[in-house]
>>> print(open('my_file-v9.pdb').read())   # PDB, C-alpha atoms
ATOM      1  CA  MET A   1     -33.380   8.753 -29.405  1.00  0.00           C
ATOM      2  CA  LYS A   2     -33.885  11.010 -26.410  1.00  0.00           C
ATOM      3  CA  PHE A   3     -31.321  11.607 -23.691  1.00  0.00           C
ATOM      4  CA  LYS A   4     -32.397  11.651 -20.044  1.00  0.00           C
ATOM      5  CA  GLU A   5     -30.360  12.464 -16.944  1.00  0.00           C
ATOM      6  CA  ASP A   6     -30.068   8.757 -16.089  1.00  0.00           C
ATOM      7  CA  GLY A   7     -30.187   7.047 -19.492  1.00  0.00           C
ATOM      8  CA  ILE A   8     -31.673   7.216 -22.974  1.00  0.00           C
ATOM      9  CA  VAL A   9     -34.964   6.432 -24.649  1.00  0.00           C
ATOM     10  CA  VAL A  10     -34.746   4.601 -27.976  1.00  0.00           C
ATOM     11  CA  ASP A  11     -37.959   3.897 -29.903  1.00  0.00           C
ATOM     12  CA  GLY A  12     -39.947   4.341 -26.681  1.00  0.00           C
ATOM     13  CA  GLU A  13     -37.760   1.966 -24.651  1.00  0.00           C
ATOM     14  CA  PHE A  14     -35.753   3.384 -21.728  1.00  0.00           C
ATOM     15  CA  PHE A  15     -32.170   2.190 -21.094  1.00  0.00           C
ATOM     16  CA  THR A  16     -30.412   3.157 -17.868  1.00  0.00           C
ATOM     17  CA  LEU A  17     -26.768   4.214 -17.910  1.00  0.00           C
ATOM     18  CA  GLN A  18     -25.980   1.056 -15.934  1.00  0.00           C
ATOM     19  CA  THR A  19     -27.680  -1.134 -18.557  1.00  0.00           C
ATOM     20  CA  ILE A  20     -25.855   0.626 -21.392  1.00  0.00           C
ATOM     21  CA  THR A  21     -22.522   0.313 -19.602  1.00  0.00           C
ATOM     22  CA  ARG A  22     -23.070  -3.378 -18.794  1.00  0.00           C
ATOM     23  CA  ARG A  23     -24.052  -4.197 -22.391  1.00  0.00           C
ATOM     24  CA  CYS A  24     -21.049  -2.320 -23.814  1.00  0.00           C
ATOM     25  CA  LEU A  25     -18.656  -3.976 -21.360  1.00  0.00           C
ATOM     26  CA  THR A  26     -20.124  -7.420 -22.104  1.00  0.00           C
ATOM     27  CA  GLU A  27     -19.564  -6.827 -25.813  1.00  0.00           C
ATOM     28  CA  LYS A  28     -15.999  -5.678 -25.146  1.00  0.00           C
ATOM     29  CA  VAL A  29     -15.213  -8.699 -22.928  1.00  0.00           C
ATOM     30  CA  ASN A  30     -16.564 -11.104 -25.543  1.00  0.00           C
ATOM     31  CA  THR A  31     -15.001  -9.366 -28.557  1.00  0.00           C
ATOM     32  CA  PHE A  32     -11.502  -9.164 -27.064  1.00  0.00           C
ATOM     33  CA  ASN A  33     -11.669 -12.411 -25.022  1.00  0.00           C
ATOM     34  CA  LEU A  34     -10.935 -10.461 -21.829  1.00  0.00           C
ATOM     35  CA  LYS A  35     -10.290 -12.357 -18.600  1.00  0.00           C
ATOM     36  CA  LEU A  36      -9.449 -11.336 -15.040  1.00  0.00           C
ATOM     37  CA  LEU A  37      -6.093 -12.325 -13.548  1.00  0.00           C
ATOM     38  CA  VAL A  38      -5.641 -12.021  -9.785  1.00  0.00           C
ATOM     39  CA  ILE A  39      -2.201 -12.325  -8.202  1.00  0.00           C
ATOM     40  CA  GLU A  40      -2.264 -12.510  -4.428  1.00  0.00           C
ATOM     41  CA  TRP A  41      -0.124 -13.197  -1.391  1.00  0.00           C
ATOM     42  CA  GLU A  42      -2.550 -13.489   1.478  1.00  0.00           C
ATOM     43  CA  SER A  43      -2.160 -11.640   4.757  1.00  0.00           C
ATOM     44  CA  SER A  44       0.037 -12.905   7.548  1.00  0.00           C
ATOM     45  CA  ARG A  45       1.561 -11.628  10.790  1.00  0.00           C
ATOM     46  CA  GLY A  46      -0.675  -8.558  10.897  1.00  0.00           C
ATOM     47  CA  PHE A  47       0.090  -7.556   7.301  1.00  0.00           C
ATOM     48  CA  ASN A  48      -2.919  -7.288   4.980  1.00  0.00           C
ATOM     49  CA  GLY A  49      -1.200  -9.004   2.066  1.00  0.00           C
ATOM     50  CA  VAL A  50      -0.517  -8.042  -1.518  1.00  0.00           C
ATOM     51  CA  LYS A  51      -3.173  -8.279  -4.212  1.00  0.00           C
ATOM     52  CA  GLU A  52      -3.355  -7.207  -7.827  1.00  0.00           C
ATOM     53  CA  SER A  53      -6.215  -7.722 -10.271  1.00  0.00           C
ATOM     54  CA  ILE A  54      -5.985  -6.958 -13.980  1.00  0.00           C
ATOM     55  CA  VAL A  55      -8.171  -7.536 -17.036  1.00  0.00           C
ATOM     56  CA  MET A  56      -6.422  -8.482 -20.273  1.00  0.00           C
ATOM     57  CA  PRO A  57      -7.032 -10.631 -23.332  1.00  0.00           C
ATOM     58  CA  LEU A  58      -6.495 -14.313 -22.494  1.00  0.00           C
ATOM     59  CA  GLN A  59      -3.561 -14.531 -24.911  1.00  0.00           C
ATOM     60  CA  GLU A  60      -1.758 -11.744 -23.022  1.00  0.00           C
ATOM     61  CA  ILE A  61      -2.584 -13.282 -19.641  1.00  0.00           C
ATOM     62  CA  ASP A  62      -1.033 -16.560 -20.776  1.00  0.00           C
ATOM     63  CA  LYS A  63       2.130 -14.660 -21.791  1.00  0.00           C
ATOM     64  CA  VAL A  64       2.257 -12.748 -18.504  1.00  0.00           C
ATOM     65  CA  ILE A  65       1.820 -15.929 -16.452  1.00  0.00           C
ATOM     66  CA  SER A  66       4.605 -17.660 -18.364  1.00  0.00           C
ATOM     67  CA  LEU A  67       6.894 -14.650 -17.827  1.00  0.00           C
ATOM     68  CA  ILE A  68       6.330 -14.253 -14.066  1.00  0.00           C
ATOM     69  CA  SER A  69       5.834 -17.851 -12.885  1.00  0.00           C
ATOM     70  CA  GLY A  70       8.686 -18.944 -10.682  1.00  0.00           C
ATOM     71  CA  LYS A  71      10.229 -15.452 -10.604  1.00  0.00           C
ATOM     72  CA  GLN A  72      11.002 -13.632  -7.395  1.00  0.00           C
ATOM     73  CA  CYS A  73       9.054 -10.480  -6.617  1.00  0.00           C
ATOM     74  CA  TYR A  74      10.595  -8.093  -4.087  1.00  0.00           C
ATOM     75  CA  PHE A  75       8.470  -5.378  -2.473  1.00  0.00           C
ATOM     76  CA  GLY A  76      10.888  -4.287   0.222  1.00  0.00           C
ATOM     77  CA  GLU A  77       9.591  -3.059   3.561  1.00  0.00           C
ATOM     78  CA  ILE A  78       5.943  -2.483   2.595  1.00  0.00           C
ATOM     79  CA  ALA A  79       4.716  -4.213   5.781  1.00  0.00           C
ATOM     80  CA  GLY A  80       6.854  -2.072   8.058  1.00  0.00           C
ATOM     81  CA  LYS A  81      10.453  -1.620   8.995  1.00  0.00           C
ATOM     82  CA  HIS A  82      12.593  -4.721   8.337  1.00  0.00           C
ATOM     83  CA  SER A  83       9.614  -6.631   6.876  1.00  0.00           C
ATOM     84  CA  GLU A  84      11.291  -7.453   3.517  1.00  0.00           C
ATOM     85  CA  VAL A  85       8.210  -8.719   1.680  1.00  0.00           C
ATOM     86  CA  CYS A  86       9.400 -10.953  -1.144  1.00  0.00           C
ATOM     87  CA  GLY A  87       8.910 -14.384  -2.612  1.00  0.00           C
ATOM     88  CA  ASP A  88       8.469 -16.394  -5.765  1.00  0.00           C
ATOM     89  CA  ILE A  89       5.293 -16.183  -7.840  1.00  0.00           C
ATOM     90  CA  ASP A  90       3.783 -19.687  -7.787  1.00  0.00           C
ATOM     91  CA  ASP A  91       0.678 -21.195  -9.398  1.00  0.00           C
ATOM     92  CA  LYS A  92      -1.134 -20.967  -6.049  1.00  0.00           C
ATOM     93  CA  ASP A  93      -0.694 -17.174  -6.159  1.00  0.00           C
ATOM     94  CA  LEU A  94      -2.479 -16.862  -9.521  1.00  0.00           C
ATOM     95  CA  LYS A  95      -6.206 -17.100 -10.133  1.00  0.00           C
ATOM     96  CA  LEU A  96      -7.888 -16.704 -13.517  1.00  0.00           C
ATOM     97  CA  TYR A  97     -11.536 -15.652 -13.763  1.00  0.00           C
ATOM     98  CA  THR A  98     -13.107 -16.474 -17.115  1.00  0.00           C
ATOM     99  CA  ASP A  99     -16.800 -15.907 -16.390  1.00  0.00           C
ATOM    100  CA  VAL A 100     -18.015 -12.950 -18.489  1.00  0.00           C
ATOM    101  CA  ASP A 101     -20.261 -11.620 -15.703  1.00  0.00           C
ATOM    102  CA  GLU A 102     -17.371 -11.617 -13.196  1.00  0.00           C
ATOM    103  CA  VAL A 103     -15.093  -9.789 -15.627  1.00  0.00           C
ATOM    104  CA  VAL A 104     -17.820  -7.253 -16.469  1.00  0.00           C
ATOM    105  CA  ALA A 105     -18.554  -6.642 -12.761  1.00  0.00           C
ATOM    106  CA  PHE A 106     -14.843  -6.018 -12.141  1.00  0.00           C
ATOM    107  CA  LEU A 107     -14.679  -3.572 -15.067  1.00  0.00           C
ATOM    108  CA  GLU A 108     -17.746  -1.702 -13.837  1.00  0.00           C
ATOM    109  CA  SER A 109     -15.920  -1.013 -10.569  1.00  0.00           C
ATOM    110  CA  ASN A 110     -12.468  -0.615 -12.157  1.00  0.00           C
ATOM    111  CA  PRO A 111     -12.682   1.107 -15.547  1.00  0.00           C
ATOM    112  CA  THR A 112      -8.870   1.279 -15.754  1.00  0.00           C
ATOM    113  CA  ARG A 113      -8.878  -2.562 -15.865  1.00  0.00           C
ATOM    114  CA  ARG A 114      -6.630  -2.739 -12.763  1.00  0.00           C
ATOM    115  CA  GLU A 115      -6.848  -2.686  -9.002  1.00  0.00           C
ATOM    116  CA  TYR A 116      -4.070  -3.312  -6.498  1.00  0.00           C
ATOM    117  CA  ASN A 117      -2.754  -2.402  -3.089  1.00  0.00           C
ATOM    118  CA  TYR A 118       0.784  -3.163  -4.348  1.00  0.00           C
ATOM    119  CA  SER A 119       1.483  -4.126  -7.954  1.00  0.00           C
ATOM    120  CA  PHE A 120       3.327  -7.375  -8.605  1.00  0.00           C
ATOM    121  CA  LEU A 121       3.460  -6.581 -12.306  1.00  0.00           C
ATOM    122  CA  ASP A 122       4.871  -3.063 -11.886  1.00  0.00           C
ATOM    123  CA  VAL A 123       7.559  -4.304  -9.497  1.00  0.00           C
ATOM    124  CA  MET A 124       8.520  -7.103 -11.856  1.00  0.00           C
ATOM    125  CA  ARG A 125       8.337  -5.135 -15.108  1.00  0.00           C
ATOM    126  CA  CYS A 126      10.726  -2.527 -13.717  1.00  0.00           C
ATOM    127  CA  PHE A 127      13.297  -5.114 -12.537  1.00  0.00           C
ATOM    128  CA  ASN A 128      15.930  -4.297 -15.170  1.00  0.00           C
ATOM    129  CA  GLU A 129      15.337  -0.548 -15.028  1.00  0.00           C
ATOM    130  CA  ARG A 130      15.661  -0.349 -11.231  1.00  0.00           C
ATOM    131  CA  ARG A 131      18.964  -2.165 -11.364  1.00  0.00           C
ATOM    132  CA  GLU A 132      20.059  -0.086 -14.359  1.00  0.00           C
ATOM    133  CA  TYR A 133      20.750  -3.263 -16.328  1.00  0.00           C
ATOM    134  CA  ASP A 134      21.408  -3.111 -20.054  1.00  0.00           C
ATOM    135  CA  GLU A 135      20.634  -6.033 -22.361  1.00  0.00           C
ATOM    136  CA  ASN A 136      24.268  -7.190 -22.266  1.00  0.00           C
ATOM    137  CA  ASP A 137      24.634  -7.061 -18.464  1.00  0.00           C
ATOM    138  CA  GLU A 138      24.806 -10.215 -16.382  1.00  0.00           C
ATOM    139  CA  GLY A 139      21.579 -10.365 -14.402  1.00  0.00           C
ATOM    140  CA  PHE A 140      19.471  -8.737 -17.144  1.00  0.00           C
ATOM    141  CA  ASP A 141      16.145 -10.578 -17.290  1.00  0.00           C
ATOM    142  CA  GLU A 142      14.861 -10.681 -20.862  1.00  0.00           C
ATOM    143  CA  GLU A 143      11.496 -12.136 -19.825  1.00  0.00           C
ATOM    144  CA  LEU A 144      10.799  -9.266 -17.433  1.00  0.00           C
ATOM    145  CA  ASP A 145      11.813  -6.829 -20.161  1.00  0.00           C
ATOM    146  CA  GLU A 146       9.159  -8.478 -22.365  1.00  0.00           C
ATOM    147  CA  LEU A 147       6.647  -8.115 -19.505  1.00  0.00           C
ATOM    148  CA  ASP A 148       7.387  -4.377 -19.473  1.00  0.00           C
ATOM    149  CA  THR A 149       6.607  -4.173 -23.194  1.00  0.00           C
ATOM    150  CA  ILE A 150       3.334  -6.137 -22.875  1.00  0.00           C
ATOM    151  CA  LEU A 151       2.052  -4.034 -19.983  1.00  0.00           C
ATOM    152  CA  TYR A 152       3.065  -0.769 -21.579  1.00  0.00           C
ATOM    153  CA  GLU A 153       1.136  -1.638 -24.754  1.00  0.00           C
ATOM    154  CA  LEU A 154      -1.932  -2.724 -22.795  1.00  0.00           C
ATOM    155  CA  LEU A 155      -2.118   0.030 -20.212  1.00  0.00           C
ATOM    156  CA  PHE A 156      -0.693   3.164 -21.752  1.00  0.00           C
TER     157      PHE A 156
END
>>> encode(input="my_file-v9.pdb", output="structure tokens")
Amino acid sequence: MKFKEDGIVVDGEFFTLQTITRRCLTEKVNTFNLKLLVIEWESSRGFNGVKESIVMPLQEIDKVISLISGKQCYFGEIAGKHSEVCGDIDDKDLKLYTDVDEVVAFLESNPTRREYNYSFLDVMRCFNERREYDENDEGFDEELDELDTILYELLF
């Protein structure tokens, strides 16, 4: 094996860094059954919307969807003073990409497995913490506490 500035040569065959990266990512996506979840509220009234994309194993995506579906997500005034961007997460807001090539292409551009302008999942996972709720408090949301645990294990 010989290293070059833009790849490696193995048994006389040259592999670019892009080829190596794509092959490794494809193996990772297949091995861990990784899929791409996109959560999006489209733009309206001059606001460019809210969009989050994240790659996770399908089993974890299914859990996340079950935990956030039908829940309210409150962003506050992210679209300007008095905008109060909030709403419920509905099925129409969720899109699952299962094609390996699409997931790999996303990972090539986003090696952290995430991209967002505002994060639905971060807002929702911190629900109990922001309100300083304890497990015994009225209003404590156990499902969003579980979401916090799932995301922490996946991302940190």
>>> residues_near_point(input="my_file-v9.pdb", point="(-10.1, -11.1, -20.6)", cutoff="12 Å", atoms="all atoms listed in the file", output="VMD selection string")
chain A and resid 25 to 38 53 to 62 96 to 104 106 to 107 113 to 114 154
>>> residues_around(input="my_file-v9.pdb", residues="Tyr116 (chain A)", least_positions_apart="4", cutoff="8 Å", atoms="all atoms listed in the file", output="list of chain:residue names")
A:Val50, A:Lys51, A:Glu52, A:Ser53
>>> atom_distance(input="my_file-v9.pdb", atom1="CA of Ser69 (chain A)", atom2="CA of Asp90 (chain A)")
5.8 Å
>>> residues_around(input="my_file-v9.pdb", residues="Asp88 (chain A)", least_positions_apart="6", cutoff="7 Å", atoms="all atoms listed in the file", output="compact mmCIF listing (two decimals) with C-alpha atoms, in the frame of the given file")
# COMPACT_ATOMS: atom_id res chain seq x y z
CA GLY A 70 8.69 -18.94 -10.68
CA LYS A 71 10.23 -15.45 -10.60
CA GLN A 72 11.00 -13.63 -7.40
CA CYS A 73 9.05 -10.48 -6.62
>>> atom_distance(input="my_file-v9.pdb", atom1="CA of Tyr118 (chain A)", atom2="CA of Cys24 (chain A)")
29.3 Å
>>> atom_distance(input="my_file-v9.pdb", atom1="CA of Lys63 (chain A)", atom2="CA of Ser109 (chain A)")
25.3 Å
>>> resolve_selection(input="my_file-v9.pdb", expression="the PyMOL selection byres ((chain A and resi 67) around 7)", output="list in words")
Lys63, Val64, Ile65, Ser66, Ile68, Ser69, Glu143, Leu144 and Leu147 of chain A
>>> resolve_selection(input="my_file-v9.pdb", expression="the PyMOL selection byres ((chain A and resi 7) around 9)", output="list in words")
Lys2, Phe3, Lys4, Glu5, Asp6, Ile8, Val9, Phe14, Phe15, Thr16, Leu17, Gln18, Thr19 and Ile20 of chain A
>>> closest_residue(input="my_file-v9.pdb", among="A:Gly80, A:Gly139, A:Gly49, A:Pro111", to="Leu155 (chain A)", atoms="all atoms listed in the file")
A:Pro111
>>> residues_around(input="my_file-v9.pdb", residues="Cys126 (chain A)", least_positions_apart="2", cutoff="12 Å", atoms="only C-alpha atoms", output="list in words")
Cys73, Tyr74, Phe75, Ser119, Phe120, Leu121, Asp122, Val123, Met124, Asn128, Glu129, Arg130, Arg131, Glu132, Tyr133, Phe140, Asp141, Glu142, Glu143, Leu144, Asp145, Glu146, Leu147, Asp148, Thr149, Leu151 and Tyr152 of chain A
>>> write_last_selection(input="my_file-v9.pdb", atoms="C-alpha atoms", output="CSV table (one decimal), in the coordinates of the input")
chain,number,residue,atom,x,y,z
A,73,CYS,CA,9.1,-10.5,-6.6
A,74,TYR,CA,10.6,-8.1,-4.1
A,75,PHE,CA,8.5,-5.4,-2.5
A,119,SER,CA,1.5,-4.1,-8.0
A,120,PHE,CA,3.3,-7.4,-8.6
A,121,LEU,CA,3.5,-6.6,-12.3
A,122,ASP,CA,4.9,-3.1,-11.9
A,123,VAL,CA,7.6,-4.3,-9.5
A,124,MET,CA,8.5,-7.1,-11.9
A,128,ASN,CA,15.9,-4.3,-15.2
A,129,GLU,CA,15.3,-0.5,-15.0
A,130,ARG,CA,15.7,-0.3,-11.2
A,131,ARG,CA,19.0,-2.2,-11.4
A,132,GLU,CA,20.1,-0.1,-14.4
A,133,TYR,CA,20.8,-3.3,-16.3
A,140,PHE,CA,19.5,-8.7,-17.1
A,141,ASP,CA,16.1,-10.6,-17.3
A,142,GLU,CA,14.9,-10.7,-20.9
A,143,GLU,CA,11.5,-12.1,-19.8
A,144,LEU,CA,10.8,-9.3,-17.4
A,145,ASP,CA,11.8,-6.8,-20.2
A,146,GLU,CA,9.2,-8.5,-22.4
A,147,LEU,CA,6.6,-8.1,-19.5
A,148,ASP,CA,7.4,-4.4,-19.5
A,149,THR,CA,6.6,-4.2,-23.2
A,151,LEU,CA,2.1,-4.0,-20.0
A,152,TYR,CA,3.1,-0.8,-21.6
>>> closest_residue(input="my_file-v9.pdb", among="A:Glu77, A:Glu42, A:Glu115, A:Asp134", to="Leu94 (chain A)", atoms="all atoms listed in the file")
A:Glu42
>>> build_atoms(input="my_file-v9.pdb", residues="region 28-49 of chain A", atoms="N, CA and C atoms", output="compact mmCIF listing (two decimals), in the coordinates of the input")
# COMPACT_ATOMS: atom_id res chain seq x y z
N LYS A 28 -17.46 -5.85 -25.14
CA LYS A 28 -16.00 -5.68 -25.15
C LYS A 28 -15.30 -6.94 -24.63
N VAL A 29 -15.80 -7.49 -23.52
CA VAL A 29 -15.21 -8.70 -22.93
C VAL A 29 -15.28 -9.85 -23.92
N ASN A 30 -16.41 -10.01 -24.57
CA ASN A 30 -16.56 -11.10 -25.54
C ASN A 30 -15.73 -10.88 -26.80
N THR A 31 -15.73 -9.67 -27.32
CA THR A 31 -15.00 -9.37 -28.56
C THR A 31 -13.50 -9.56 -28.40
N PHE A 32 -12.95 -9.12 -27.26
CA PHE A 32 -11.50 -9.16 -27.06
C PHE A 32 -11.04 -10.32 -26.17
N ASN A 33 -11.98 -11.24 -25.85
CA ASN A 33 -11.67 -12.41 -25.02
C ASN A 33 -10.96 -11.99 -23.73
N LEU A 34 -11.53 -11.00 -23.05
CA LEU A 34 -10.94 -10.46 -21.83
C LEU A 34 -11.22 -11.38 -20.64
N LYS A 35 -10.20 -11.55 -19.82
CA LYS A 35 -10.29 -12.36 -18.60
C LYS A 35 -9.69 -11.56 -17.45
N LEU A 36 -9.94 -12.00 -16.24
CA LEU A 36 -9.45 -11.34 -15.04
C LEU A 36 -8.38 -12.20 -14.38
N LEU A 37 -7.18 -11.65 -14.24
CA LEU A 37 -6.09 -12.32 -13.55
C LEU A 37 -5.91 -11.67 -12.18
N VAL A 38 -5.89 -12.50 -11.14
CA VAL A 38 -5.64 -12.02 -9.78
C VAL A 38 -4.36 -12.68 -9.28
N ILE A 39 -3.45 -11.86 -8.80
CA ILE A 39 -2.20 -12.32 -8.20
C ILE A 39 -2.26 -11.90 -6.74
N GLU A 40 -2.07 -12.86 -5.83
CA GLU A 40 -2.26 -12.51 -4.43
C GLU A 40 -1.36 -13.31 -3.50
N TRP A 41 -0.76 -12.60 -2.56
CA TRP A 41 -0.12 -13.20 -1.39
C TRP A 41 -1.02 -12.80 -0.23
N GLU A 42 -1.60 -13.77 0.41
CA GLU A 42 -2.55 -13.49 1.48
C GLU A 42 -1.86 -12.89 2.70
N SER A 43 -2.68 -12.33 3.57
CA SER A 43 -2.16 -11.64 4.76
C SER A 43 -1.53 -12.62 5.74
N SER A 44 -0.59 -12.12 6.48
CA SER A 44 0.04 -12.90 7.55
C SER A 44 0.73 -11.95 8.52
N ARG A 45 0.86 -12.38 9.74
CA ARG A 45 1.56 -11.63 10.79
C ARG A 45 1.12 -10.16 10.86
N GLY A 46 -0.17 -9.92 10.77
CA GLY A 46 -0.68 -8.56 10.90
C GLY A 46 -0.58 -7.71 9.64
N PHE A 47 -0.03 -8.27 8.57
CA PHE A 47 0.09 -7.56 7.30
C PHE A 47 -1.08 -7.96 6.42
N ASN A 48 -1.70 -6.99 5.74
CA ASN A 48 -2.92 -7.29 4.98
C ASN A 48 -2.68 -7.88 3.60
N GLY A 49 -1.48 -8.30 3.31
CA GLY A 49 -1.20 -9.00 2.07
C GLY A 49 -0.98 -8.09 0.88
